[in-house]
>>> print(open('model.pdb').read())   # PDB, C-alpha atoms
MODEL        1
ATOM      1  CA  MET A  16      35.731 -11.768 -33.234
ATOM      2  CA  THR A  17      38.524  -9.246 -33.007
ATOM      3  CA  PRO A  18      40.521  -7.831 -35.905
ATOM      4  CA  ASP A  19      43.437 -10.023 -34.825
ATOM      5  CA  ASP A  20      41.176 -13.097 -34.964
ATOM      6  CA  LEU A  21      40.218 -12.192 -38.538
ATOM      7  CA  ARG A  22      43.864 -11.559 -39.428
ATOM      8  CA  GLN A  23      44.890 -14.944 -38.037
ATOM      9  CA  GLN A  24      42.037 -16.630 -39.905
ATOM     10  CA  ILE A  25      43.203 -15.045 -43.177
ATOM     11  CA  GLU A  26      46.809 -16.013 -42.501
ATOM     12  CA  LEU A  27      45.752 -19.619 -41.838
ATOM     13  CA  GLN A  28      43.746 -19.710 -45.070
ATOM     14  CA  VAL A  29      46.765 -18.362 -46.961
ATOM     15  CA  VAL A  30      49.019 -21.037 -45.448
ATOM     16  CA  GLU A  31      46.533 -23.763 -46.420
ATOM     17  CA  LEU A  32      46.212 -22.340 -49.945
ATOM     18  CA  ILE A  33      49.980 -22.170 -50.386
ATOM     19  CA  LYS A  34      50.433 -25.735 -49.087
ATOM     20  CA  ALA A  35      47.811 -27.007 -51.534
ATOM     21  CA  LYS A  36      49.363 -25.126 -54.451
ATOM     22  CA  LEU A  37      52.835 -26.401 -53.581
ATOM     23  CA  ALA A  38      51.494 -29.950 -53.293
ATOM     24  CA  ASP A  39      49.827 -29.871 -56.718
ATOM     25  CA  GLY A  40      52.781 -28.091 -58.324
ATOM     26  CA  SER A  41      50.854 -24.942 -59.298
ATOM     27  CA  MET A  42      53.157 -22.724 -57.202
ATOM     28  CA  THR A  43      56.920 -22.658 -56.877
ATOM     29  CA  GLU A  44      58.758 -22.410 -53.559
ATOM     30  CA  GLU A  45      59.955 -18.943 -54.540
ATOM     31  CA  ARG A  46      56.439 -17.734 -55.325
ATOM     32  CA  ALA A  47      55.162 -19.274 -52.075
ATOM     33  CA  GLN A  48      57.795 -17.353 -50.123
ATOM     34  CA  GLN A  49      56.881 -14.169 -51.969
ATOM     35  CA  ALA A  50      53.178 -14.680 -51.205
ATOM     36  CA  SER A  51      53.923 -15.368 -47.546
ATOM     37  CA  GLN A  52      56.056 -12.254 -47.289
ATOM     38  CA  VAL A  53      53.360 -10.089 -48.890
ATOM     39  CA  VAL A  54      50.844 -11.330 -46.323
ATOM     40  CA  LEU A  55      53.227 -10.777 -43.406
ATOM     41  CA  ASP A  56      54.137  -7.290 -44.662
ATOM     42  CA  THR A  57      50.513  -6.297 -45.270
ATOM     43  CA  LEU A  58      48.604  -7.789 -42.343
ATOM     44  CA  LYS A  59      49.961  -6.560 -39.023
ATOM     45  CA  PRO A  60      48.861  -7.434 -35.492
ATOM     46  CA  GLY A  61      46.844  -4.681 -33.852
ATOM     47  CA  MET A  62      45.166  -3.384 -37.011
ATOM     48  CA  SER A  63      41.599  -2.106 -36.708
ATOM     49  CA  PHE A  64      38.838  -3.754 -38.760
ATOM     50  CA  GLU A  65      38.933  -0.778 -41.122
ATOM     51  CA  GLU A  66      42.694  -1.065 -41.682
ATOM     52  CA  LEU A  67      42.455  -4.824 -41.997
ATOM     53  CA  TYR A  68      39.756  -4.789 -44.692
ATOM     54  CA  ARG A  69      41.715  -2.208 -46.696
ATOM     55  CA  ALA A  70      44.846  -4.360 -46.387
ATOM     56  CA  ILE A  71      43.082  -7.627 -47.263
ATOM     57  CA  ALA A  72      41.715  -6.044 -50.442
ATOM     58  CA  LYS A  73      45.296  -5.358 -51.579
ATOM     59  CA  LEU A  74      46.709  -8.846 -50.987
ATOM     60  CA  ASP A  75      45.919 -10.181 -54.446
ATOM     61  CA  ASP A  76      47.139  -7.034 -56.226
ATOM     62  CA  THR A  77      50.679  -8.410 -56.435
ATOM     63  CA  VAL A  78      50.030 -12.088 -55.718
ATOM     64  CA  GLN A  79      46.995 -13.072 -57.778
ATOM     65  CA  GLU A  80      47.145 -16.601 -56.363
ATOM     66  CA  LEU A  81      45.704 -15.199 -53.119
ATOM     67  CA  ALA A  82      42.397 -14.273 -54.786
ATOM     68  CA  PRO A  83      40.597 -17.402 -53.465
ATOM     69  CA  VAL A  84      41.259 -16.127 -49.931
ATOM     70  CA  VAL A  85      40.636 -12.431 -50.623
ATOM     71  CA  LEU A  86      37.430 -12.707 -52.654
ATOM     72  CA  PRO A  87      35.188 -14.338 -49.984
ATOM     73  CA  VAL A  88      36.319 -11.808 -47.368
ATOM     74  CA  MET A  89      35.606  -8.882 -49.671
ATOM     75  CA  GLN A  90      32.230 -10.358 -50.627
ATOM     76  CA  GLN A  91      31.397 -10.594 -46.931
ATOM     77  CA  TYR A  92      32.494  -6.960 -46.519
ATOM     78  CA  GLU A  93      30.239  -5.941 -49.406
ATOM     79  CA  THR A  94      27.259  -7.817 -47.972
ATOM     80  CA  ASN A  95      27.666  -6.845 -44.325
ATOM     81  CA  ILE A  96      29.066  -3.317 -44.593
ATOM     82  CA  VAL A  97      28.612  -1.675 -47.991
ATOM     83  CA  GLN A  98      25.043  -2.757 -48.740
ATOM     84  CA  PRO A  99      23.655  -1.700 -45.322
ATOM     85  CA  ILE A 100      25.383   1.669 -45.694
ATOM     86  CA  GLY A 101      23.753   2.033 -49.111
ATOM     87  CA  LYS A 102      20.370   1.405 -47.509
ATOM     88  CA  ASN A 103      21.122   4.004 -44.836
ATOM     89  CA  VAL A 104      22.104   6.543 -47.495
ATOM     90  CA  SER A 105      18.884   5.824 -49.368
ATOM     91  CA  GLU A 106      16.826   6.267 -46.195
ATOM     92  CA  LEU A 107      18.544   9.573 -45.436
ATOM     93  CA  ILE A 108      17.763  10.791 -48.947
ATOM     94  CA  HIS A 109      14.101   9.791 -48.577
ATOM     95  CA  GLN A 110      14.010  11.727 -45.311
ATOM     96  CA  GLY A 111      15.427  14.792 -47.051
ATOM     97  CA  GLN A 112      18.716  14.646 -45.127
ATOM     98  CA  TYR A 113      20.894  15.181 -48.174
ATOM     99  CA  ASP A 114      23.965  16.486 -46.364
ATOM    100  CA  ALA A 115      24.007  13.507 -43.999
ATOM    101  CA  ALA A 116      23.493  11.116 -46.932
ATOM    102  CA  THR A 117      26.359  12.707 -48.876
ATOM    103  CA  LYS A 118      28.640  12.611 -45.862
ATOM    104  CA  LEU A 119      27.879   8.930 -45.154
ATOM    105  CA  ALA A 120      28.312   7.974 -48.812
ATOM    106  CA  LYS A 121      31.696   9.707 -48.987
ATOM    107  CA  ARG A 122      32.824   7.970 -45.801
ATOM    108  CA  ALA A 123      31.701   4.612 -47.167
ATOM    109  CA  ILE A 124      33.493   5.139 -50.481
ATOM    110  CA  SER A 125      36.728   6.052 -48.721
ATOM    111  CA  GLN A 126      36.211   3.111 -46.322
ATOM    112  CA  ASP A 127      36.210   5.572 -43.423
ATOM    113  CA  VAL A 128      33.480   3.859 -41.420
ATOM    114  CA  LYS A 129      33.850   2.496 -37.919
ATOM    115  CA  LEU A 130      33.341  -1.251 -37.896
ATOM    116  CA  GLU A 131      32.386  -3.243 -34.853
ATOM    117  CA  TRP A 132      31.978  -6.997 -34.544
ATOM    118  CA  THR A 133      28.402  -7.869 -33.645
ATOM    119  CA  GLY A 134      28.427 -11.589 -34.329
ATOM    120  CA  SER A 135      26.286 -14.152 -32.632
ATOM    121  CA  GLY A 136      26.767 -17.732 -31.709
ATOM    122  CA  LYS A 137      24.849 -20.817 -30.779
ATOM    123  CA  PRO A 138      25.402 -22.728 -27.569
ATOM    124  CA  THR A 139      26.974 -26.125 -28.080
ATOM    125  CA  THR A 140      25.005 -29.127 -27.025
TER
ENDMDL
END
>>> encode(input="model.pdb", output="C-alpha coordinates")
Amino acid sequence: MTPDDLRQQIELQVVELIKAKLADGSMTEERAQQASQVVLDTLKPGMSFEELYRAIAKLDDTVQELAPVVLPVMQQYETNIVQPIGKNVSELIHQGQYDAATKLAKRAISQDVKLEWTGSGKPTT
(Lines of atoms letter the chains of each structure in order from A and count residues from 1; the text may use other names and numbers.)
(Lines give C-alpha, C1' and ligand atoms only; values in the text may rest on other atoms or scores of the structure.)
Protein backbone atom coordinates (compact mmCIF):
# COMPACT_ATOMS: atom_id res chain seq x y z
CA MET A 1 0.00 0.00 0.00
CA THR A 2 1.29 3.42 -0.92
CA PRO A 3 0.44 6.69 0.82
CA ASP A 4 -1.78 7.56 -2.15
CA ASP A 5 -3.65 4.26 -1.73
CA LEU A 6 -4.30 5.13 1.93
CA ARG A 7 -5.36 8.65 0.97
CA GLN A 8 -7.81 7.32 -1.62
CA GLN A 9 -9.16 4.81 0.90
CA ILE A 10 -9.79 7.61 3.41
CA GLU A 11 -11.41 9.79 0.76
CA LEU A 12 -13.72 6.91 -0.23
CA GLN A 13 -14.69 6.33 3.40
CA VAL A 14 -15.44 10.05 3.77
CA VAL A 15 -17.64 10.01 0.66
CA GLU A 16 -19.54 6.97 1.97
CA LEU A 17 -19.95 8.60 5.40
CA ILE A 18 -21.22 11.84 3.89
CA LYS A 19 -23.67 9.98 1.62
CA ALA A 20 -25.04 8.06 4.60
CA LYS A 21 -25.37 11.21 6.71
CA LEU A 22 -27.11 13.05 3.88
CA ALA A 23 -29.46 10.11 3.36
CA ASP A 24 -30.49 9.95 7.02
CA GLY A 25 -30.73 13.73 7.32
CA SER A 26 -28.00 14.09 9.95
CA MET A 27 -25.92 16.35 7.68
CA THR A 28 -26.91 19.29 5.52
CA GLU A 29 -25.72 19.78 1.94
CA GLU A 30 -23.72 22.80 3.08
CA ARG A 31 -21.98 20.86 5.84
CA ALA A 32 -21.29 17.99 3.42
CA GLN A 33 -19.63 20.42 1.01
CA GLN A 34 -17.60 21.89 3.86
CA ALA A 35 -16.48 18.42 4.98
CA SER A 36 -15.55 17.46 1.43
CA GLN A 37 -13.55 20.65 0.98
CA VAL A 38 -11.67 20.11 4.26
CA VAL A 39 -10.67 16.63 3.10
CA LEU A 40 -9.59 17.85 -0.34
CA ASP A 41 -7.62 20.74 1.18
CA THR A 42 -5.94 18.54 3.79
CA LEU A 43 -5.16 15.30 1.97
CA LYS A 44 -3.01 15.90 -1.10
CA PRO A 45 -1.70 13.42 -3.66
CA GLY A 46 1.98 12.64 -3.21
CA MET A 47 2.08 13.00 0.57
CA SER A 48 4.41 10.69 2.49
CA PHE A 49 2.96 8.33 5.12
CA GLU A 50 4.25 10.68 7.82
CA GLU A 51 2.55 13.73 6.28
CA LEU A 52 -0.60 11.75 5.63
CA TYR A 53 -0.99 10.51 9.21
CA ARG A 54 -0.45 14.03 10.55
CA ALA A 55 -3.07 15.35 8.12
CA ILE A 56 -5.60 12.59 8.84
CA ALA A 57 -5.38 13.34 12.56
CA LYS A 58 -6.50 16.92 11.85
CA LEU A 59 -9.53 16.11 9.69
CA ASP A 60 -12.01 15.95 12.55
CA ASP A 61 -10.66 19.09 14.25
CA THR A 62 -13.02 21.30 12.24
CA VAL A 63 -15.49 18.70 10.97
CA GLN A 64 -16.31 16.46 13.93
CA GLU A 65 -18.58 14.34 11.73
CA LEU A 66 -15.43 12.82 10.20
CA ALA A 67 -14.41 11.19 13.50
CA PRO A 68 -15.77 7.75 12.48
CA VAL A 69 -13.26 7.75 9.61
CA VAL A 70 -10.36 9.33 11.51
CA LEU A 71 -10.53 7.30 14.72
CA PRO A 72 -9.88 3.81 13.24
CA VAL A 73 -6.93 5.12 11.22
CA MET A 74 -5.39 6.78 14.26
CA GLN A 75 -5.98 3.66 16.36
CA GLN A 76 -4.15 1.65 13.70
CA TYR A 77 -1.33 4.22 13.80
CA GLU A 78 -1.14 3.88 17.59
CA THR A 79 -1.05 0.08 17.42
CA ASN A 80 1.35 -0.31 14.50
CA ILE A 81 3.67 2.67 14.98
CA VAL A 82 3.55 4.25 18.43
CA GLN A 83 3.44 1.10 20.56
CA PRO A 84 6.37 -0.61 18.77
CA ILE A 85 8.41 2.59 19.12
CA GLY A 86 7.61 2.60 22.83
CA LYS A 87 8.93 -0.95 23.08
CA ASN A 88 12.09 0.07 21.23
CA VAL A 89 12.60 3.01 23.59
CA SER A 90 12.15 0.69 26.56
CA GLU A 91 14.67 -1.78 25.14
CA LEU A 92 17.20 1.00 24.55
CA ILE A 93 16.78 2.15 28.15
CA HIS A 94 17.30 -1.40 29.44
CA GLN A 95 20.47 -1.58 27.35
CA GLY A 96 21.71 1.66 28.89
CA GLN A 97 21.45 3.58 25.60
CA TYR A 98 19.75 6.60 27.13
CA ASP A 99 20.70 9.11 24.44
CA ALA A 100 19.37 6.87 21.68
CA ALA A 101 16.18 6.23 23.68
CA THR A 102 15.65 9.96 24.24
CA LYS A 103 16.27 10.74 20.59
CA LEU A 104 13.83 8.05 19.39
CA ALA A 105 11.17 9.12 21.90
CA LYS A 106 11.43 12.76 20.79
CA ARG A 107 11.16 11.73 17.14
CA ALA A 108 8.11 9.60 17.91
CA ILE A 109 6.40 12.39 19.84
CA SER A 110 6.95 14.86 17.01
CA GLN A 111 5.84 12.17 14.51
CA ASP A 112 9.24 12.45 12.82
CA VAL A 113 9.66 8.75 12.11
CA LYS A 114 10.08 7.20 8.69
CA LEU A 115 7.18 4.91 7.90
CA GLU A 116 7.29 2.14 5.36
CA TRP A 117 4.49 -0.17 4.29
CA THR A 118 5.34 -3.77 5.14
CA GLY A 119 1.96 -5.39 4.66
CA SER A 120 1.34 -8.94 3.67
CA GLY A 121 -1.31 -10.66 1.69
CA LYS A 122 -2.79 -14.05 1.06
CA PRO A 123 -3.01 -15.63 -2.36
CA THR A 124 -6.54 -15.91 -3.68
CA THR A 125 -7.88 -19.34 -4.36
>>> residues_around(input="model.pdb", residues="A:Pro60", least_positions_apart="4", cutoff="10 Å", atoms="all atoms listed in the file", output="ChimeraX atom specification")
/A:18-20,22-23,55,67
>>> resolve_selection(input="model.pdb", expression="the PyMOL selection byres ((chain A and resi 124) around 12)", output="PDB file with C-alpha atoms, keeping the file's coordinate frame")
ATOM      1  CA  ARG A  69      41.715  -2.208 -46.696  1.00  0.00           C
ATOM      2  CA  GLU A  93      30.239  -5.941 -49.406  1.00  0.00           C
ATOM      3  CA  ILE A  96      29.066  -3.317 -44.593  1.00  0.00           C
ATOM      4  CA  VAL A  97      28.612  -1.675 -47.991  1.00  0.00           C
ATOM      5  CA  GLN A  98      25.043  -2.757 -48.740  1.00  0.00           C
ATOM      6  CA  ILE A 100      25.383   1.669 -45.694  1.00  0.00           C
ATOM      7  CA  GLY A 101      23.753   2.033 -49.111  1.00  0.00           C
ATOM      8  CA  VAL A 104      22.104   6.543 -47.495  1.00  0.00           C
ATOM      9  CA  THR A 117      26.359  12.707 -48.876  1.00  0.00           C
ATOM     10  CA  LYS A 118      28.640  12.611 -45.862  1.00  0.00           C
ATOM     11  CA  LEU A 119      27.879   8.930 -45.154  1.00  0.00           C
ATOM     12  CA  ALA A 120      28.312   7.974 -48.812  1.00  0.00           C
ATOM     13  CA  LYS A 121      31.696   9.707 -48.987  1.00  0.00           C
ATOM     14  CA  ARG A 122      32.824   7.970 -45.801  1.00  0.00           C
ATOM     15  CA  ALA A 123      31.701   4.612 -47.167  1.00  0.00           C
ATOM     16  CA  SER A 125      36.728   6.052 -48.721  1.00  0.00           C
ATOM     17  CA  GLN A 126      36.211   3.111 -46.322  1.00  0.00           C
ATOM     18  CA  ASP A 127      36.210   5.572 -43.423  1.00  0.00           C
ATOM     19  CA  VAL A 128      33.480   3.859 -41.420  1.00  0.00           C
TER      20      VAL A 128
END
>>> axis_aligned_box(input="model.pdb", around="stretch 70-83 of chain A", padding_each_side="8 Å", output="JSON")
{"center_x": 45.6, "center_y": -10.9, "center_z": -52.1, "size_x": 26.1, "size_y": 29.0, "size_z": 27.4}
>>> closest_residue(input="model.pdb", among="A:Ile25, A:Ile108, A:Ala50, A:Met16", to="A:Leu86", atoms="all atoms listed in the file")
A:Ile25
>>> closest_residue(input="model.pdb", among="A:Ala72, A:Leu37, A:Thr43, A:Val88", to="A:Leu21", atoms="only C-alpha atoms")
A:Val88
>>> atom_distance(input="model.pdb", atom1="atom CA of A:Ala70", atom2="atom CA of A:Val85")
10.0 Å
>>> closest_residue(input="model.pdb", among="A:Met42, A:Val53, A:Ile33, A:Thr17", to="A:Pro83", atoms="only C-alpha atoms")
A:Ile33
>>> atom_distance(input="model.pdb", atom1="atom CA of A:Phe64", atom2="atom CA of A:Asn95")
12.9 Å
>>> atom_distance(input="model.pdb", atom1="atom CA of A:Glu31", atom2="atom CA of A:Val54")
13.2 Å
>>> closest_residue(input="model.pdb", among="A:Glu80, A:Asp75, A:Glu66, A:Asp56", to="A:Lys36", atoms="all atoms listed in the file")
A:Glu80
>>> closest_residue(input="model.pdb", among="A:Ala115, A:Glu26, A:Lys34, A:Asn103", to="A:Lys59", atoms="only C-alpha atoms")
A:Glu26
>>> closest_residue(input="model.pdb", among="A:Leu27, A:Leu32, A:Ala116, A:Ala38", to="A:Leu81", atoms="all atoms listed in the file")
A:Leu32
